[in-house]
Every structure is written in C-alpha cells, then in structure tokens.
>>> print(open('upload-v3.cif').read())   # mmCIF, C-alpha atoms
data_structure
loop_
_atom_site.label_atom_id
_atom_site.label_comp_id
_atom_site.auth_asym_id
_atom_site.auth_seq_id
_atom_site.Cartn_x
_atom_site.Cartn_y
_atom_site.Cartn_z
CA MET A 1 6.88 -65.13 72.21
CA GLU A 2 4.58 -62.55 73.81
CA ILE A 3 4.57 -59.02 72.38
CA VAL A 4 5.12 -55.95 74.55
CA THR A 5 4.05 -52.67 73.00
CA VAL A 6 6.14 -49.74 74.26
CA PHE A 7 4.68 -46.28 73.80
CA GLY A 8 7.10 -43.36 73.69
CA ALA A 9 10.14 -45.34 72.59
CA ASP A 10 11.48 -42.10 71.08
CA GLY A 11 11.43 -40.50 74.55
CA PRO A 12 13.85 -41.19 77.42
CA GLU A 13 11.56 -43.39 79.55
CA GLY A 14 10.09 -45.44 76.72
CA HIS A 15 13.51 -45.81 75.10
CA SER A 16 14.91 -47.13 78.39
CA VAL A 17 12.05 -49.66 78.61
CA ALA A 18 12.47 -50.81 75.01
CA LEU A 19 16.23 -51.25 75.41
CA MET A 20 15.93 -53.30 78.59
CA LEU A 21 13.23 -55.57 77.17
CA LEU A 22 15.30 -56.10 74.02
CA GLN A 23 18.34 -57.01 76.12
CA MET A 24 16.31 -59.48 78.17
CA GLY A 25 15.03 -61.32 75.13
CA THR A 26 12.01 -62.66 77.07
CA PHE A 27 9.46 -60.73 75.01
CA LYS A 28 9.08 -59.56 71.44
CA VAL A 29 9.31 -55.77 71.68
CA ARG A 30 7.22 -53.42 69.56
CA PRO A 31 8.62 -49.89 70.08
CA LEU A 32 6.16 -47.15 69.17
CA VAL A 33 7.39 -43.70 68.14
CA THR A 34 5.73 -40.50 66.99
CA ASP A 35 8.88 -39.24 65.26
CA PRO A 36 10.79 -41.98 63.41
CA ASN A 37 13.57 -39.50 62.58
CA SER A 38 14.36 -38.67 66.23
CA ASP A 39 17.76 -39.65 67.64
CA LEU A 40 16.34 -42.29 69.98
CA ALA A 41 14.18 -43.84 67.25
CA GLN A 42 17.20 -43.95 64.95
CA LYS A 43 19.25 -45.67 67.66
CA LEU A 44 16.67 -48.44 67.91
CA GLN A 45 16.65 -48.83 64.14
CA ALA A 46 20.45 -48.99 64.09
CA MET A 47 20.18 -51.97 66.45
CA GLY A 48 18.06 -53.76 63.85
CA THR A 49 14.84 -53.18 65.78
CA GLU A 50 11.67 -52.59 63.81
CA ILE A 51 9.95 -49.45 65.09
CA VAL A 52 6.29 -48.56 64.53
CA THR A 53 5.11 -45.00 63.99
CA VAL A 54 1.88 -44.28 65.85
CA ASP A 55 -0.49 -41.33 65.46
CA LEU A 56 -1.87 -40.55 68.92
CA ASP A 57 -4.62 -38.43 67.33
CA SER A 58 -5.91 -41.56 65.58
CA PRO A 59 -7.70 -44.23 67.66
CA SER A 60 -7.32 -46.68 64.75
CA SER A 61 -3.54 -46.14 64.68
CA ILE A 62 -3.34 -46.89 68.41
CA GLN A 63 -5.58 -49.95 67.96
CA GLU A 64 -3.29 -51.27 65.23
CA ALA A 65 -0.20 -50.69 67.37
CA LEU A 66 -1.65 -52.86 70.14
CA LYS A 67 -2.99 -55.64 67.93
CA GLY A 68 -1.62 -59.01 69.03
CA ALA A 69 0.22 -57.61 72.06
CA SER A 70 -0.18 -59.10 75.54
CA ARG A 71 1.54 -56.34 77.53
CA CYS A 72 1.88 -52.58 77.18
CA TYR A 73 4.04 -49.83 78.64
CA ALA A 74 2.12 -46.55 78.32
CA ARG A 75 3.64 -43.11 78.74
CA THR A 76 1.95 -39.88 77.70
CA ILE A 77 3.75 -36.59 77.10
CA THR A 78 2.53 -33.10 77.99
CA ASP A 79 2.55 -30.69 75.06
CA PHE A 80 2.73 -27.29 76.73
CA SER A 81 2.49 -25.61 73.33
CA ALA A 82 -1.02 -26.99 72.83
CA ARG A 83 -4.09 -24.82 73.37
CA ASP A 84 -5.14 -27.03 76.28
CA PRO A 85 -2.21 -29.25 77.31
CA LEU A 86 -4.18 -30.97 80.08
CA GLN A 87 -7.10 -32.09 77.93
CA LYS A 88 -4.90 -33.02 74.98
CA GLU A 89 -2.81 -35.38 77.11
CA ILE A 90 -5.89 -36.83 78.80
CA GLN A 91 -7.43 -37.56 75.38
CA TYR A 92 -4.25 -39.40 74.33
CA GLY A 93 -4.31 -41.42 77.52
CA TYR A 94 -7.99 -42.31 77.19
CA ARG A 95 -7.41 -43.54 73.63
CA ILE A 96 -4.55 -45.76 74.80
CA ALA A 97 -6.64 -47.05 77.71
CA ASN A 98 -9.61 -47.87 75.45
CA ALA A 99 -7.37 -49.65 72.97
CA CYS A 100 -5.77 -51.70 75.76
CA LYS A 101 -9.25 -52.71 76.93
CA GLU A 102 -10.43 -53.65 73.45
CA ASN A 103 -7.27 -55.65 72.74
CA ASN A 104 -7.46 -57.54 76.06
CA ILE A 105 -3.98 -56.49 77.16
CA LYS A 106 -2.96 -58.75 80.06
CA HIS A 107 -0.73 -56.23 81.85
CA VAL A 108 -0.47 -52.47 81.41
CA VAL A 109 2.33 -50.55 83.09
CA PHE A 110 1.27 -46.92 83.07
CA HIS A 111 3.56 -44.03 83.86
CA GLY A 112 1.26 -42.10 86.19
CA SER A 113 1.51 -39.25 88.67
CA HIS A 114 -0.20 -37.49 91.58
CA HIS A 115 -3.33 -35.30 91.61
CA VAL A 116 -1.64 -31.99 92.42
CA HIS A 117 -4.48 -29.61 91.56
CA ARG A 118 -7.12 -31.74 93.24
CA ARG A 119 -5.14 -32.04 96.46
CA PHE A 120 -3.63 -28.58 96.83
CA GLY A 121 -5.29 -26.34 94.25
CA LEU A 122 -1.99 -25.96 92.39
CA PRO A 123 -2.31 -26.80 88.67
CA ALA A 124 0.53 -29.00 87.51
CA ARG A 125 -0.89 -30.15 84.21
CA HIS A 126 1.89 -32.61 83.36
CA MET A 127 1.07 -34.45 86.61
CA ASP A 128 -2.69 -33.89 86.79
CA ALA A 129 -3.27 -35.32 83.30
CA LYS A 130 -1.47 -38.56 84.13
CA ALA A 131 -3.37 -38.89 87.40
CA CYS A 132 -6.68 -38.52 85.53
CA ILE A 133 -5.62 -41.11 82.95
CA ASN A 134 -4.67 -43.52 85.74
CA ASP A 135 -8.13 -43.03 87.30
CA TYR A 136 -9.77 -43.81 83.96
CA MET A 137 -7.71 -46.98 83.55
CA ASN A 138 -8.89 -48.04 87.00
CA GLU A 139 -12.51 -47.37 85.99
CA LEU A 140 -12.05 -49.60 82.94
CA GLY A 141 -10.71 -52.36 85.17
CA LEU A 142 -7.45 -52.71 83.24
CA PRO A 143 -4.92 -55.15 84.73
CA LYS A 144 -2.51 -52.35 85.50
CA THR A 145 0.52 -51.32 87.50
CA GLU A 146 1.14 -47.62 87.95
CA ILE A 147 4.71 -46.39 88.12
CA ILE A 148 5.41 -42.88 89.46
CA THR A 149 8.93 -41.55 88.97
CA PRO A 150 10.80 -38.68 90.71
CA TYR A 151 13.20 -36.03 89.44
CA TYR A 152 15.72 -37.49 86.98
CA TYR A 153 19.47 -37.00 87.38
CA GLU A 154 19.62 -36.36 83.64
CA ASN A 155 17.55 -33.18 84.03
CA LEU A 156 20.75 -31.55 85.28
CA LEU A 157 22.04 -31.89 81.71
CA THR A 158 18.92 -30.58 80.01
CA ALA A 159 15.85 -28.91 81.49
CA ILE A 160 17.24 -27.34 84.67
CA GLN A 161 20.98 -27.20 84.15
CA PRO A 162 23.26 -25.53 86.72
CA THR A 163 24.33 -22.06 85.58
CA GLY A 164 27.61 -20.20 86.07
CA SER A 165 31.25 -20.62 85.10
CA ASN A 166 33.54 -21.86 87.89
CA CYS A 167 30.83 -21.81 90.55
CA TYR A 168 27.56 -23.23 89.29
CA LYS A 169 24.20 -22.65 90.92
CA ILE A 170 21.41 -25.24 90.92
CA ALA A 171 18.12 -23.34 90.56
CA ILE A 172 15.69 -25.92 91.92
CA PRO A 173 13.32 -24.31 94.46
CA MET A 174 13.18 -27.05 97.10
CA GLY A 175 14.72 -25.08 100.00
CA GLU A 176 15.71 -27.44 102.81
CA THR A 177 13.29 -30.14 101.69
CA ALA A 178 14.97 -33.28 100.32
CA MET A 179 14.04 -34.27 96.77
CA ASP A 180 13.67 -37.83 95.47
CA SER A 181 15.60 -38.72 92.34
CA MET A 182 16.87 -41.48 90.07
CA SER A 183 18.38 -42.03 86.63
CA VAL A 184 15.87 -42.22 83.78
CA LYS A 185 17.86 -45.13 82.36
CA GLN A 186 16.74 -47.31 85.26
CA VAL A 187 13.07 -46.95 84.39
CA GLY A 188 13.60 -49.78 81.91
CA SER A 189 14.89 -52.21 84.54
CA ILE A 190 11.98 -51.42 86.84
CA VAL A 191 9.33 -51.85 84.15
CA ALA A 192 10.96 -55.08 82.94
CA SER A 193 10.81 -56.43 86.49
CA LEU A 194 7.11 -55.54 86.70
CA PHE A 195 6.38 -57.40 83.46
CA GLN A 196 8.35 -60.44 84.60
CA ASN A 197 6.31 -60.60 87.80
CA SER A 198 2.91 -59.46 86.58
CA GLN A 199 0.81 -61.37 89.11
CA THR A 200 2.69 -59.77 91.99
CA TRP A 201 2.39 -56.19 90.75
CA ILE A 202 -0.94 -55.90 88.93
CA GLY A 203 -3.25 -53.61 90.88
CA LYS A 204 -0.42 -51.79 92.64
CA SER A 205 1.13 -48.34 92.45
CA CYS A 206 4.92 -48.11 92.48
CA PRO A 207 6.30 -44.69 93.45
CA VAL A 208 9.98 -45.33 92.75
CA SER A 209 13.14 -43.47 93.80
CA THR A 210 16.81 -44.20 94.27
CA GLU A 211 17.51 -41.68 97.02
CA ARG A 212 16.35 -38.49 98.70
CA LEU A 213 18.77 -35.56 99.02
CA THR A 214 18.59 -31.82 99.54
CA ILE A 215 19.70 -29.58 96.68
CA GLU A 216 22.76 -28.63 98.74
CA GLU A 217 23.65 -32.33 99.04
CA TYR A 218 23.33 -32.77 95.27
CA ALA A 219 25.60 -29.74 94.88
CA CYS A 220 28.22 -31.17 97.28
CA ILE A 221 28.35 -34.44 95.34
CA LEU A 222 28.81 -32.60 92.05
CA THR A 223 31.63 -30.54 93.58
CA GLN A 224 33.28 -33.67 94.98
CA PHE A 225 33.47 -35.38 91.59
CA LEU A 226 33.85 -32.39 89.27
CA TYR A 227 36.29 -30.23 91.29
CA PRO A 228 37.68 -27.58 90.66
CA LYS A 229 34.18 -26.80 89.39
CA GLN A 230 32.01 -25.97 92.37
CA PHE A 231 28.27 -26.17 92.83
CA LYS A 232 25.81 -24.51 95.20
CA ASP A 233 22.10 -24.43 95.85
CA ALA A 234 20.82 -21.18 94.32
CA ARG A 235 18.22 -21.08 97.12
CA ILE A 236 15.56 -19.49 94.98
CA SER A 237 11.85 -19.32 95.72
CA VAL A 238 9.22 -20.98 93.56
CA LYS A 239 8.09 -17.53 92.40
CA THR A 240 11.62 -16.59 91.31
CA PHE A 241 11.96 -19.94 89.54
CA VAL A 242 8.75 -19.34 87.60
CA ASP A 243 9.48 -15.69 86.81
CA SER A 244 13.03 -16.35 85.58
CA SER A 245 12.44 -19.63 83.75
CA THR A 246 12.16 -19.91 79.97
CA ILE A 247 11.08 -23.56 80.15
CA PRO A 248 7.61 -24.26 78.68
CA GLY A 249 5.18 -24.94 81.50
CA SER A 250 7.39 -23.27 84.10
CA GLN A 251 4.39 -22.45 86.32
CA ASP A 252 3.40 -26.12 86.28
CA LEU A 253 6.95 -27.11 87.20
CA GLY A 254 7.02 -24.53 89.96
CA ASN A 255 3.78 -25.96 91.36
CA MET A 256 5.30 -29.44 91.15
CA PHE A 257 8.21 -28.33 93.34
CA GLN A 258 5.78 -26.65 95.72
CA PHE A 259 3.80 -29.90 95.90
CA TRP A 260 6.98 -31.82 96.68
CA LYS A 261 7.96 -29.28 99.34
CA LYS A 262 4.69 -29.99 101.10
CA GLY A 263 6.00 -33.51 101.72
CA SER A 264 3.88 -35.10 99.01
CA GLN A 265 6.54 -37.13 97.18
CA LYS A 266 6.17 -40.27 99.31
CA MET A 267 8.37 -42.39 97.07
CA ASN A 268 9.39 -45.90 98.08
CA ILE A 269 13.15 -46.42 97.95
CA ALA A 270 12.97 -49.93 99.43
CA MET A 271 10.44 -51.03 96.79
CA THR A 272 12.67 -49.59 94.08
CA ALA A 273 15.65 -51.62 95.32
CA THR A 274 13.50 -54.76 95.16
CA LEU A 275 12.46 -54.06 91.58
CA CYS A 276 15.91 -52.91 90.48
CA PRO A 277 18.74 -54.23 92.70
CA GLU A 278 21.31 -52.48 90.48
CA ILE A 279 19.95 -48.99 91.13
CA LYS A 280 22.55 -46.24 90.89
CA THR A 281 22.97 -43.53 93.50
CA PHE A 282 23.64 -39.94 92.48
CA ASN A 283 27.29 -40.45 93.49
CA GLN A 284 27.60 -43.37 91.10
CA TRP A 285 25.79 -41.58 88.30
CA VAL A 286 28.02 -38.49 88.54
CA ALA A 287 31.17 -40.65 88.72
CA GLU A 288 30.13 -42.55 85.60
CA ASN A 289 29.07 -39.45 83.64
CA LYS A 290 31.73 -36.90 84.58
CA GLU A 291 32.80 -36.17 81.01
CA SER A 292 29.29 -35.69 79.63
CA ILE A 293 28.30 -33.48 82.59
CA ILE A 294 31.38 -31.26 82.17
CA SER A 295 30.86 -31.09 78.40
CA SER A 296 27.24 -30.08 78.85
CA LEU A 297 28.09 -27.39 81.41
CA GLU A 298 30.90 -25.92 79.34
CA LYS A 299 28.78 -25.94 76.20
CA LYS A 300 26.07 -23.93 77.92
CA SER A 301 28.55 -21.46 79.46
CA THR A 302 29.85 -20.57 75.96
CA MET A 303 26.38 -20.01 74.50
#
>>> encode(input="upload-v3.cif", output="structure tokens")
Amino acid sequence: MEIVTVFGADGPEGHSVALMLLQMGTFKVRPLVTDPNSDLAQKLQAMGTEIVTVDLDSPSSIQEALKGASRCYARTITDFSARDPLQKEIQYGYRIANACKENNIKHVVFHGSHHVHRRFGLPARHMDAKACINDYMNELGLPKTEIITPYYYENLLTAIQPTGSNCYKIAIPMGETAMDSMSVKQVGSIVASLFQNSQTWIGKSCPVSTERLTIEEYACILTQFLYPKQFKDARISVKTFVDSSTIPGSQDLGNMFQFWKKGSQKMNIAMTATLCPEIKTFNQWVAENKESIISSLEKKSTM
C-alpha cells in the first residue's frame, strides 16, 4: 500500500486530509505533527493512528518523514511571532520541496496562495510565502498540484468572530464585494480526490471554493438559522480592521481582504464541485453547526 505523508496533521487542513485518507483506506497515511500533545494530534492517536513528530528546522527530520512515501500533502504555517515570518515560512517550504525531490515523491499536493505583494505592492506574508514556495516547487520540476483555498466558515468561530450580544456584527472589511468561502473540513475530500486522480491533476492549480457571498448575505443566513440572534455586516474599512484588530498579522490579513476586494480571488466553484460533489454551502454548514456556533458566540460575549 502506498504511503501518503501529510504535513500539518495537527492543524485544521492537514487534519482534514489525514482523516479523509484514513477513512478511504486506499493509502497508508503518515500524519506529521509538530506538537504531538495538541488536540488534533491526540484525536488521531485516539483513533489508533501512528503520528510522526517532525522538526521543520531540521532537513534530516523532514527527509526521514518522507522516506518510503509516494505522495505528500504539504502545508506550511505562518509564524507571525517570528522575527521574519516570510523568510521563516519560505525556508520551511524549501526544505519540504527539496526532501520531496530527493525522495522521488510521485505526487505533491501543495497548499499554495497568490503573490499579493508582487502584484499589488501589498505585503500579505502568509500568502506571499506560499506563492514563493510554489514557484520553487515548479523550478524543481516536482509532480505537483497546487490547491488554493478561500476564507473558511470555521473562522467565524475563531479568528474573526462576530461581536455583540443580541445583534452581532461581522467585522470583515469586504464592503459590497462577494467573498469566496468553504468549510475547512472539505479540504480533505478535495485533496483525496486529487491523489486518487493524480495523472489528471498533476501540473494544475486548483483555486477551490464552495460559494461566493457578500458579508451581508453571510449575516442574513446566520440570522435565518440562529434567530432571535441577529447578524449584520459591520461595514468597516480595511484601515479600521487593522487598527482595531488584536490578531497577529492583522496588517497582512487586512491586505489580504484588500487584495480580494480588487477582484483577485478568482476561485473555481465548478472545479470544486467536480473534486468534491458533497461540498456544503454556508446554509448547510450553519444548519449543521447551530449549537457550536451559538456556544462559541455566547462564550465570547461573557468574556
């Protein structure tokens, strides 16, 4: 049975990929984690899955993690607390790329992104780093598929949660521009489909999305399913978002939204439906997660 190495299995995207591949049973899955004590790593262990701890600062550790594998899902994370988040992430990505080359990986699915700074002069380091890594993988001639994902529904429970009590405001500075989105849990289904059909997808970029809605439309759907709680678009500017945010890398996120507002998302909803016929709309996601959404909102309002 062929081995698939999954980087970032202790993060939401990598965990989704590892779970889907394990459920399929087509491949032997080697989930890589940087923190074996994290909740997601522990969940994999509870399932009886052997996890592997990898040190991304060590090329030999990455080489060992890829030994004997035929396929690899690669996802790098931006550490905004680092002295130079951009270069640190690029170094991680280059090490993974070199190890994939040296281990003759047959198919790499890399979680890439757009060149924001190069195209518009707006530094968005969490996106720019991945775009540079993708370029390097192309230079190495890796048999690769790039996947680019949009805003995740789940971010409404974590990073940019609606604020308020009875009337919640969504502080995402998109104005009237529609924003692509999907559930992070469907990344696994998409990547699994790519691995199952390697010859079709190698050499291609897959900008995936479930749907494209304005912030006001997201708010209306939340109100519909969570009434009497009500939701509205806060209609804030990018500058206000950056100035008021306590999220690490808020300027980078603000530039990301500005990039999207310029019409640069260009995600492919039809392609996504082909790769993942069971994709969930925002309506479906909210309907299925009402209790967890309400719990998360009420927990924050009491803090």
>>> resolve_selection(input="upload-v3.cif", expression="the PyMOL selection byres ((chain A and resi 86) around 10)", output="PyMOL selection string")
chain A and resi 78-80+82-85+87-91+123-130+132
>>> resolve_selection(input="upload-v3.cif", expression="the PyMOL selection byres ((chain A and resi 187) around 10)", output="list in words")
Pro12, Glu13, Gly14, His15, Ser16, Val17, Met20, His111, Ile147, Thr149, Met182, Ser183, Val184, Lys185, Gln186, Gly188, Ser189, Ile190, Val191, Ala192, Ser193, Val208, Cys276 and Ile279 of chain A
>>> write_last_selection(input="upload-v3.cif", atoms="C-alpha atoms", output="tab-separated table (two decimals), keeping the file's coordinate frame")
chain	number	residue	atom	x	y	z
A	12	PRO	CA	13.85	-41.19	77.42
A	13	GLU	CA	11.56	-43.39	79.55
A	14	GLY	CA	10.09	-45.44	76.72
A	15	HIS	CA	13.51	-45.81	75.10
A	16	SER	CA	14.91	-47.13	78.39
A	17	VAL	CA	12.05	-49.66	78.61
A	20	MET	CA	15.93	-53.30	78.59
A	111	HIS	CA	3.56	-44.03	83.86
A	147	ILE	CA	4.71	-46.39	88.12
A	149	THR	CA	8.93	-41.55	88.97
A	182	MET	CA	16.87	-41.48	90.07
A	183	SER	CA	18.38	-42.03	86.63
A	184	VAL	CA	15.87	-42.22	83.78
A	185	LYS	CA	17.86	-45.13	82.36
A	186	GLN	CA	16.74	-47.31	85.26
A	188	GLY	CA	13.60	-49.78	81.91
A	189	SER	CA	14.89	-52.21	84.54
A	190	ILE	CA	11.98	-51.42	86.84
A	191	VAL	CA	9.33	-51.85	84.15
A	192	ALA	CA	10.96	-55.08	82.94
A	193	SER	CA	10.81	-56.43	86.49
A	208	VAL	CA	9.98	-45.33	92.75
A	276	CYS	CA	15.91	-52.91	90.48
A	279	ILE	CA	19.95	-48.99	91.13
>>> residues_around(input="upload-v3.cif", residues="stretch 170-176 of chain A", least_positions_apart="3", cutoff="6 Å", atoms="all atoms listed in the file", output="VMD selection string")
chain A and resid 162 233 to 234 236 to 238
>>> atom_distance(input="upload-v3.cif", atom1="atom CA of A:Glu291", atom2="atom CA of A:Ser165")
16.2 Å
>>> closest_residue(input="upload-v3.cif", among="A:Asn37, A:Gly48, A:Asn289, A:Leu32", to="A:Leu226", atoms="all atoms listed in the file")
A:Asn289
>>> resolve_selection(input="upload-v3.cif", expression="the PyMOL selection byres ((chain A and resi 29) around 8)", output="tab-separated table (two decimals) with C-alpha atoms, in the coordinates of the input")
chain	number	residue	atom	x	y	z
A	3	ILE	CA	4.57	-59.02	72.38
A	4	VAL	CA	5.12	-55.95	74.55
A	5	THR	CA	4.05	-52.67	73.00
A	6	VAL	CA	6.14	-49.74	74.26
A	18	ALA	CA	12.47	-50.81	75.01
A	21	LEU	CA	13.23	-55.57	77.17
A	22	LEU	CA	15.30	-56.10	74.02
A	27	PHE	CA	9.46	-60.73	75.01
A	28	LYS	CA	9.08	-59.56	71.44
A	30	ARG	CA	7.22	-53.42	69.56
A	31	PRO	CA	8.62	-49.89	70.08
>>> closest_residue(input="upload-v3.cif", among="A:Lys229, A:Lys262, A:Arg235, A:Lys280", to="A:Arg119", atoms="only C-alpha atoms")
A:Lys262
>>> closest_residue(input="upload-v3.cif", among="A:Ala178, A:Ile294, A:Ile202, A:Ala69", to="A:Asn166", atoms="only C-alpha atoms")
A:Ile294
>>> residues_around(input="upload-v3.cif", residues="A:Lys232", least_positions_apart="5", cutoff="7 Å", atoms="only C-alpha atoms", output="PDB file with C-alpha atoms, keeping the file's coordinate frame")
ATOM      1  CA  TYR A 168      27.560 -23.230  89.290  1.00  0.00           C
ATOM      2  CA  LYS A 169      24.200 -22.650  90.920  1.00  0.00           C
ATOM      3  CA  ILE A 170      21.410 -25.240  90.920  1.00  0.00           C
ATOM      4  CA  GLU A 216      22.760 -28.630  98.740  1.00  0.00           C
ATOM      5  CA  ALA A 219      25.600 -29.740  94.880  1.00  0.00           C
TER       6      ALA A 219
END
>>> closest_residue(input="upload-v3.cif", among="A:Gly203, A:Pro59, A:Gly263, A:Gly68", to="A:Gly141", atoms="only C-alpha atoms")
A:Gly203
>>> residues_around(input="upload-v3.cif", residues="A:Gly93", least_positions_apart="5", cutoff="10 Å", atoms="all atoms listed in the file", output="PyMOL selection string")
chain A and resi 56+74-77+87-88+98-99+110+129-130+132-134+136-137
>>> write_last_selection(input="upload-v3.cif", atoms="C-alpha atoms", output="PDB file, keeping the file's coordinate frame")
ATOM      1  CA  LEU A  56      -1.870 -40.550  68.920  1.00  0.00           C
ATOM      2  CA  ALA A  74       2.120 -46.550  78.320  1.00  0.00           C
ATOM      3  CA  ARG A  75       3.640 -43.110  78.740  1.00  0.00           C
ATOM      4  CA  THR A  76       1.950 -39.880  77.700  1.00  0.00           C
ATOM      5  CA  ILE A  77       3.750 -36.590  77.100  1.00  0.00           C
ATOM      6  CA  GLN A  87      -7.100 -32.090  77.930  1.00  0.00           C
ATOM      7  CA  LYS A  88      -4.900 -33.020  74.980  1.00  0.00           C
ATOM      8  CA  ASN A  98      -9.610 -47.870  75.450  1.00  0.00           C
ATOM      9  CA  ALA A  99      -7.370 -49.650  72.970  1.00  0.00           C
ATOM     10  CA  PHE A 110       1.270 -46.920  83.070  1.00  0.00           C
ATOM     11  CA  ALA A 129      -3.270 -35.320  83.300  1.00  0.00           C
ATOM     12  CA  LYS A 130      -1.470 -38.560  84.130  1.00  0.00           C
ATOM     13  CA  CYS A 132      -6.680 -38.520  85.530  1.00  0.00           C
ATOM     14  CA  ILE A 133      -5.620 -41.110  82.950  1.00  0.00           C
ATOM     15  CA  ASN A 134      -4.670 -43.520  85.740  1.00  0.00           C
ATOM     16  CA  TYR A 136      -9.770 -43.810  83.960  1.00  0.00           C
ATOM     17  CA  MET A 137      -7.710 -46.980  83.550  1.00  0.00           C
TER      18      MET A 137
END
>>> axis_aligned_box(input="upload-v3.cif", around="stretch 68-75 of chain A", padding_each_side="5 Å", output="JSON")
{"center_x": 1.2, "center_y": -51.1, "center_z": 73.9, "size_x": 15.7, "size_y": 26.0, "size_z": 19.7}
>>> atom_distance(input="upload-v3.cif", atom1="atom CA of A:Phe195", atom2="atom CA of A:Leu44")
20.7 Å
>>> atom_distance(input="upload-v3.cif", atom1="atom CA of A:Ser250", atom2="atom CA of A:Ser81")
12.1 Å
>>> closest_residue(input="upload-v3.cif", among="A:Ile221, A:Leu142, A:Met256, A:Leu40", to="A:Gln284", atoms="all atoms listed in the file")
A:Ile221
>>> residues_near_point(input="upload-v3.cif", point="(15.7, -37.5, 93.9)", cutoff="10 Å", atoms="all atoms listed in the file", output="list in words")
Thr149, Pro150, Tyr151, Tyr152, Tyr153, Ala178, Met179, Asp180, Ser181, Met182, Ser183, Val208, Ser209, Thr210, Glu211, Arg212, Leu213, Thr214, Ile215, Tyr218, Gln265, Met267, Thr281 and Phe282 of chain A
>>> closest_residue(input="upload-v3.cif", among="A:Ala65, A:Ile148, A:Ile160, A:Val109", to="A:Ser245", atoms="all atoms listed in the file")
A:Ile160
